[in-house]
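Here's the structure we're looking at; comments come further down.
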Protein chains: 2
Amino acid sequence: MIVVLAGGVGAARFLEGLVCVFPQKDITIIGNVADDTEIYGLHISPDLDIVAYTLAGLVDPAKGWGFRADTFECQNLLRKYGFETWFKIGDKDLATHIYRTEQLRHGRKLSEATDDFSRRLGLQVRLLPATDDAIQTHLLTEKGWMHFQEYMVKRKTTPRVYQVVFRGAISARPVKGVIESIANASGIIVAPSNPIVSIGAMLAVPRIRSALQETKGKVVAVSPIIGGKTVKGPADKLMKASGVRPTAVGVAELYRDFLDTLILDRVDKDLAPHIAELGIKPVVTDTLMRTNRAKVRLAKIALGELKH
Amino acid sequence: MIVVLAGGVGAARFLEGLVCVFPQKDITIIGNVADDTEIYGLHISPDLDIVAYTLAGLVDPAKGWGFRADTFECQNLLRKYGFETWFKIGDKDLATHIYRTEQLRHGRKLSEATDDFSRRLGLQVRLLPATDDAIQTHLLTEKGWMHFQEYMVKRKTTPRVYQVVFRGAISARPVKGVIESIANASGIIVAPSNPIVSIGAMLAVPRIRSALQETKGKVVAVSPIIGGKTVKGPADKLMKASGVRPTAVGVAELYRDFLDTLILDRVDKDLAPHIAELGIKPVVTDTLMRTNRAKVRLAKIALGELKH
């Protein structure tokens with residue numbers, strides 16, 4: 001059994017390759033919920049949805065989120081009714097949010113709703129939210145405090161960020177199975193996700209970081225930073241805001257206390273010695289996941305490192 | 001200023017004709033909310049929606065409810081997620097329900113939400129729910145008690161009905177403007193709607209019936225029963241269940257205490273003397289509203305009777 005710590009699009013693409021070469025039923029995915037938000041009274045878990053839609057083969061391949069060929073009839077009318085529509089919700093996507101909200105309203109936990117939802121989409125992986133408790137990423141920017149989704153989607157990551165906080169993290173409890181699966185995993189892969197707001201938000205949930213430090217399984221991460229930039233999302237900007245260099249070395253520093261191996265891109269090969277200096281094994285390869293073949297190749301390299 | 005008491009599809013079709021020959025801004029529509037229900041956590045007011053969509057020119061003309069050419073992407077996926085989908089909700093329709101639910105959740109009254117919603121759809125009529133309080137039509141049937149929508153939509157009006165109750169009606173208060181508009185109207189038209197569950201549910205709200213009895217304006221109704229049957233819906237069955245003959249005479253009996261004129265169909269012309277015996281003026285004409293011309297013609301006749 002292996003564990004993957006997963007954010008959104010980058011993680012989902014990595015997982016697409018992984019499930020081609022490793023049995024779904026032997027994978028536990030721990031997903032980020034600090035980007036969760038409520039829109040139109042509906043609970044939305046963007047990262048869990050991205051992972052589930054992708055593994056179910058239903059995701060919009062161009063955007064990396066939402067359903068393929070989804071329509072926006074409902075939201076187009078909501079705009080006429082005076083609602084903000086910067087957070088795009090397709091008609092099918094809405095069904096997921098209604099489903100999840102109804103489950104929560106009837107007293108089920110987010111983890112129970114997520115398990116049921118992923119089964120209904122035909123997944124065999126175990127998809128666990130990091131926590132059932134409310135934890136929310138808020139950013140202090142030059143425009144004031146804002147929810148991560150406002151920064152990311154509404155403001156397209158343009159305001160300068162001074163600080164990142166995970167409200168509620170300090171008192172959040174890991175979902176049952178999270179600590180156990182990390183402790184008992186034959187290996188753990190930290191997907192190429194934002195090390196601050198995706199992986200970092202999960203590490204802020206008490207006991208998750210220490211479980212990673214203590215597990216006997218190898219911990220392998222894939223750097224989401226290539227040549228000082230992210231493929232998608234604001235990881236580089238938020239690393240800077242957190243006082244970390246936006247490079248593979250910065251990623252290694254953030255994971256230093258539990259990481260065995262960091263897979264980094266060929267363009268960053270000169271950084272390998274600096275990573276080795278931190279006591280982390282650098283593995284240099286192509287990390288861009290443009291094709292299925294590239295995804296599978298990267299997954300195989302990560303799996304290979306778990307065994308060393 | 002005139003007032004129209006309105007249920008769903010029959011009333012909406014009548015109103016379509018009326019607004020062709022009478023200024024919208026001088027019409028107050030009092031709408032039925034006892035059919036309201038909650039589905040997927042969303043507050044749905046079917047009769048208000050039918051009236052608003054119809055007057056906005058957006059209604060599906062074949063069904064008489066929902067938006068023209070609406071899609072069902074969201075609900076199709078909700079079915080896969082295990083939800084019941086016998087109450088059809090199109091993707092655009094969903095926007096209305098989300099809008100209304102959000103308004104209510106933020107502490108606005110149903111009447112405020114309805115006013116805002118009808119303005120956003122471009123209506124100039126004043127559309128008032130009969131009450132802001134929760135009132136719900138429940139039926140005792142051979143299959144037990146059920147909400148009106150379950151009887152009407154899920155079970156397609158097949159179970160035999162023994163009793164009709166309007167839960168909550170006894171303590172409901174009319175929306176501000178309802179009593180005043182009836183009292184001050186130059187005339188009141190009772191639309192060709194179900195006299196038990198549409199009009200009857202409004203008459204069950206304290207003070208509405210007495211306002212109709214006391215108003216100086218003429219009260220004219222259009223019989224929804226033609227040849228002992230309803231054009232649409234279960235009015236005939238529910239009249240029987242309430243111990244009333246399912247005929248224009250039965251309609252006259254139900255409205256006897258406040259009605260001046262009853263417009264009935266030519267096929268029922270033999271009933272005219274019985275209606276006159278009740279002290280109500282019978283007006284015999286074609287009441288089927290198959291074409292716009294027929295709708296306008298019927299509206300003109302009703303308006304003419306208000307003046308006599």
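Scheme for the structure tokens: letters A, B, ... for chains in order shown; per-chain residue numbers from 1; ligand numbers from 1 in order shown.
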Nearby residues (only C-alpha atoms) at most 10 Å from region 229-235 of chain B, same-chain spacing under 6 positions excluded, as a PyMOL selection string: chain B and resi 8-10+151-153+156-158+192-198+223+241+246-248+251+288-289
With C-alpha atoms retained, could you export that selection as a tab-separated table (two decimals), in the first residue's frame?
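As written to disk, again.tsv reads:
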chain	number	residue	atom	x	y	z
B	8	GLY	CA	-49.66	27.40	-11.78
B	9	VAL	CA	-50.01	26.60	-15.46
B	10	GLY	CA	-53.69	27.55	-15.97
B	151	TYR	CA	-48.84	12.99	-5.25
B	152	MET	CA	-48.72	15.26	-8.29
B	153	VAL	CA	-45.30	14.60	-9.78
B	156	LYS	CA	-48.83	11.27	-11.19
B	157	THR	CA	-52.08	11.81	-9.22
B	158	THR	CA	-52.91	8.09	-9.24
B	192	PRO	CA	-58.57	29.11	-13.82
B	193	SER	CA	-56.50	27.27	-11.21
B	194	ASN	CA	-57.14	24.32	-8.95
B	195	PRO	CA	-59.85	25.58	-6.56
B	196	ILE	CA	-58.68	23.22	-3.80
B	197	VAL	CA	-54.88	23.18	-3.70
B	198	SER	CA	-54.05	26.41	-5.54
B	223	SER	CA	-63.76	27.84	-14.01
B	241	ALA	CA	-61.93	14.25	-2.29
B	246	PRO	CA	-66.08	18.44	-9.99
B	247	THR	CA	-68.06	20.85	-12.16
B	248	ALA	CA	-68.33	24.59	-12.70
B	251	VAL	CA	-66.28	25.76	-8.34
B	288	LEU	CA	-59.88	26.70	-23.51
B	289	MET	CA	-56.67	28.69	-23.95
DSSP helix (DSSP H, G or I) selection over region 69-266 of chain B, as a VMD selection string: chain B and resid 73 to 80 91 to 105 110 to 120 148 to 154 169 to 171 178 to 184 199 to 203 208 to 214 235 to 241 248 to 255 266
Could you list, with a cut-off of 6 Å and counting only C-alpha atoms, the residues of chain A near chain B, each shown with its nearest atom pair and the distance in Å rounded to one decimal, rows sorted by chain and ascending number, as a Markdown table?
| residue | atom | partner | partner_atom | distance |
| --- | --- | --- | --- | --- |
| A:Glu73 | CA | B:Lys92 | CA | 5.5 |
| A:Cys74 | CA | B:Lys92 | CA | 4.5 |
| A:Leu78 | CA | B:Ala95 | CA | 5.4 |
| A:Asp91 | CA | B:Cys74 | CA | 4.9 |
| A:Lys92 | CA | B:Cys74 | CA | 4.5 |
| A:Ala95 | CA | B:Cys74 | CA | 5.0 |
The selected residues should be written to file as a PDB file, in the first residue's frame (atoms: N, CA and C atoms).
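The result, written out as result-v7.pdb:
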ATOM      1  N   GLU A  73     -25.190  26.522 -18.112  1.00  0.00           N
ATOM      2  CA  GLU A  73     -26.536  27.114 -18.183  1.00  0.00           C
ATOM      3  C   GLU A  73     -26.956  27.715 -16.851  1.00  0.00           C
ATOM      4  N   CYS A  74     -26.744  26.967 -15.791  1.00  0.00           N
ATOM      5  CA  CYS A  74     -27.184  27.440 -14.478  1.00  0.00           C
ATOM      6  C   CYS A  74     -26.429  28.708 -14.092  1.00  0.00           C
ATOM      7  N   LEU A  78     -27.518  32.482 -13.142  1.00  0.00           N
ATOM      8  CA  LEU A  78     -27.175  33.039 -11.820  1.00  0.00           C
ATOM      9  C   LEU A  78     -26.546  34.425 -11.977  1.00  0.00           C
ATOM     10  N   ASP A  91     -22.635  22.790 -15.135  1.00  0.00           N
ATOM     11  CA  ASP A  91     -23.893  22.183 -14.703  1.00  0.00           C
ATOM     12  C   ASP A  91     -23.664  20.809 -14.059  1.00  0.00           C
ATOM     13  N   LYS A  92     -22.741  20.040 -14.622  1.00  0.00           N
ATOM     14  CA  LYS A  92     -22.443  18.729 -14.025  1.00  0.00           C
ATOM     15  C   LYS A  92     -21.701  18.913 -12.708  1.00  0.00           C
ATOM     16  N   ALA A  95     -23.698  19.328  -9.729  1.00  0.00           N
ATOM     17  CA  ALA A  95     -24.272  18.116  -9.133  1.00  0.00           C
ATOM     18  C   ALA A  95     -23.361  17.600  -8.018  1.00  0.00           C
TER      19      ALA A  95
END
Which of B:Trp65, B:Glu214, B:Arg207, B:Thr285 sits closest to Tyr53 (chain B) [using only C-alpha atoms]: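 Of the candidates, the smallest distance to Tyr53 (chain B) is held by B:Trp65.
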Atom pair CA of Leu264 (chain A) / CA of Arg13 (chain A): separation (Å): 16.1 Å
Neighbour list for Val249 (chain B) as a PyMOL selection string, cut-off 7 Å, only C-alpha atoms, skip fewer than 5 positions in-chain: chain B and resi 271+274-275
For region 167-175 of chain A, find every residue with an atom within 9 Å (counting only C-alpha atoms), except residues of its own chain fewer than 4 positions away, and show them as an mmCIF file with N, CA and C atoms, in the first residue's frame.
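Final output, out-v7.cif:
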data_model
loop_
_atom_site.group_PDB
_atom_site.id
_atom_site.type_symbol
_atom_site.label_atom_id
_atom_site.label_comp_id
_atom_site.auth_asym_id
_atom_site.auth_seq_id
_atom_site.Cartn_x
_atom_site.Cartn_y
_atom_site.Cartn_z
ATOM 1 N N ALA A 34 -7.916 22.612 2.229
ATOM 2 C CA ALA A 34 -7.806 23.993 2.728
ATOM 3 C C ALA A 34 -8.241 25.008 1.671
ATOM 4 N N SER A 111 -15.235 13.223 4.842
ATOM 5 C CA SER A 111 -14.526 11.999 4.430
ATOM 6 C C SER A 111 -15.513 10.916 3.992
ATOM 7 N N LEU A 128 -8.895 10.219 0.721
ATOM 8 C CA LEU A 128 -9.165 10.747 2.064
ATOM 9 C C LEU A 128 -8.881 12.244 2.103
ATOM 10 N N PRO A 129 -9.849 13.060 2.488
ATOM 11 C CA PRO A 129 -9.497 14.451 2.790
ATOM 12 C C PRO A 129 -8.542 14.450 3.984
ATOM 13 N N ALA A 130 -7.605 15.365 4.014
ATOM 14 C CA ALA A 130 -6.645 15.397 5.125
ATOM 15 C C ALA A 130 -7.365 15.535 6.462
ATOM 16 N N THR A 131 -8.444 16.313 6.463
ATOM 17 C CA THR A 131 -9.184 16.533 7.697
ATOM 18 C C THR A 131 -10.663 16.742 7.385
ATOM 19 N N ASP A 132 -11.515 16.385 8.363
ATOM 20 C CA ASP A 132 -12.941 16.693 8.245
ATOM 21 C C ASP A 132 -13.254 18.059 8.846
ATOM 22 N N ASP A 133 -12.276 18.628 9.509
ATOM 23 C CA ASP A 133 -12.514 19.922 10.152
ATOM 24 C C ASP A 133 -12.320 21.054 9.146
ATOM 25 N N ALA A 134 -12.941 22.179 9.459
ATOM 26 C CA ALA A 134 -12.848 23.320 8.542
ATOM 27 C C ALA A 134 -11.461 23.939 8.650
ATOM 28 N N ILE A 135 -10.716 23.887 7.570
ATOM 29 C CA ILE A 135 -9.439 24.593 7.536
ATOM 30 C C ILE A 135 -9.414 25.381 6.232
ATOM 31 N N GLN A 136 -8.979 26.610 6.312
ATOM 32 C CA GLN A 136 -9.118 27.510 5.170
ATOM 33 C C GLN A 136 -7.843 28.307 4.969
ATOM 34 N N THR A 137 -7.343 28.267 3.761
ATOM 35 C CA THR A 137 -6.165 29.059 3.431
ATOM 36 C C THR A 137 -6.568 30.506 3.168
ATOM 37 N N HIS A 138 -6.002 31.394 3.938
ATOM 38 C CA HIS A 138 -6.221 32.828 3.722
ATOM 39 C C HIS A 138 -4.872 33.490 3.489
ATOM 40 N N ILE A 179 -3.261 9.095 9.369
ATOM 41 C CA ILE A 179 -2.028 8.817 10.117
ATOM 42 C C ILE A 179 -1.655 7.338 9.962
ATOM 43 N N ALA A 201 -0.599 22.957 3.522
ATOM 44 C CA ALA A 201 -1.834 23.028 4.311
ATOM 45 C C ALA A 201 -2.115 21.693 4.992
ATOM 46 N N MET A 202 -1.749 20.614 4.337
ATOM 47 C CA MET A 202 -1.954 19.289 4.960
ATOM 48 C C MET A 202 -0.932 19.060 6.061
ATOM 49 N N ALA A 204 0.158 21.204 7.926
ATOM 50 C CA ALA A 204 -0.225 22.058 9.064
ATOM 51 C C ALA A 204 -1.258 21.389 9.957
ATOM 52 N N VAL A 205 -1.846 20.295 9.476
ATOM 53 C CA VAL A 205 -2.801 19.562 10.314
ATOM 54 C C VAL A 205 -1.990 18.723 11.312
ATOM 55 N N PRO A 206 -2.190 18.939 12.602
ATOM 56 C CA PRO A 206 -1.374 18.258 13.603
ATOM 57 C C PRO A 206 -1.276 16.740 13.347
ATOM 58 N N ARG A 207 -0.108 16.194 13.564
ATOM 59 C CA ARG A 207 0.209 14.766 13.474
ATOM 60 C C ARG A 207 0.527 14.292 12.061
ATOM 61 N N ILE A 208 0.175 15.043 11.028
ATOM 62 C CA ILE A 208 0.492 14.553 9.676
ATOM 63 C C ILE A 208 1.990 14.669 9.423
#
Counting only C-alpha atoms, the option among A:Leu58, A:Ile263, A:Ile30, A:Val165 closest to Lys300 (chain A):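 Once distances to Lys300 (chain A) are computed over only C-alpha atoms, the minimum belongs to A:Ile263.
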Residue neighbourhood Val220 (chain B), 9 Å, only C-alpha atoms, exclusion window fewer than 5 positions, as JSON, numbers by chain: {"B": [187, 188, 189, 190, 191, 259, 260, 261, 262, 263, 302, 303, 305, 306]}
Do you know which residues are at most 10 Å from Ile2 (chain B) counting only C-alpha atoms, after dropping those on the same chain fewer than 6 positions away, and could you put them as a PDB file with C-alpha atoms, in the first residue's frame?
ATOM      1  CA  PHE B  22     -53.990  45.378 -19.384  1.00  0.00           C
ATOM      2  CA  PRO B  23     -50.831  47.156 -18.161  1.00  0.00           C
ATOM      3  CA  GLN B  24     -48.557  44.857 -16.180  1.00  0.00           C
ATOM      4  CA  LYS B  25     -47.759  47.580 -13.637  1.00  0.00           C
ATOM      5  CA  ASP B  26     -51.445  47.743 -12.696  1.00  0.00           C
ATOM      6  CA  ILE B  27     -51.679  44.014 -11.959  1.00  0.00           C
ATOM      7  CA  THR B  28     -50.975  42.447  -8.580  1.00  0.00           C
ATOM      8  CA  ILE B  29     -50.705  38.680  -8.755  1.00  0.00           C
ATOM      9  CA  SER B 181     -54.449  45.063  -2.747  1.00  0.00           C
ATOM     10  CA  ILE B 182     -57.608  42.950  -2.506  1.00  0.00           C
ATOM     11  CA  ASN B 184     -58.364  48.444  -2.917  1.00  0.00           C
ATOM     12  CA  ALA B 185     -58.594  46.585  -6.222  1.00  0.00           C
ATOM     13  CA  SER B 186     -60.983  47.816  -8.878  1.00  0.00           C
ATOM     14  CA  GLY B 187     -61.537  44.119  -9.529  1.00  0.00           C
ATOM     15  CA  ILE B 188     -60.233  40.692  -8.659  1.00  0.00           C
ATOM     16  CA  ILE B 189     -59.870  37.763 -11.034  1.00  0.00           C
ATOM     17  CA  GLY B 217     -64.168  45.388  -6.310  1.00  0.00           C
ATOM     18  CA  LYS B 218     -65.982  42.815  -8.389  1.00  0.00           C
ATOM     19  CA  LEU B 303     -61.928  42.392 -17.596  1.00  0.00           C
ATOM     20  CA  LEU B 306     -65.033  43.466 -13.609  1.00  0.00           C
TER      21      LEU B 306
END
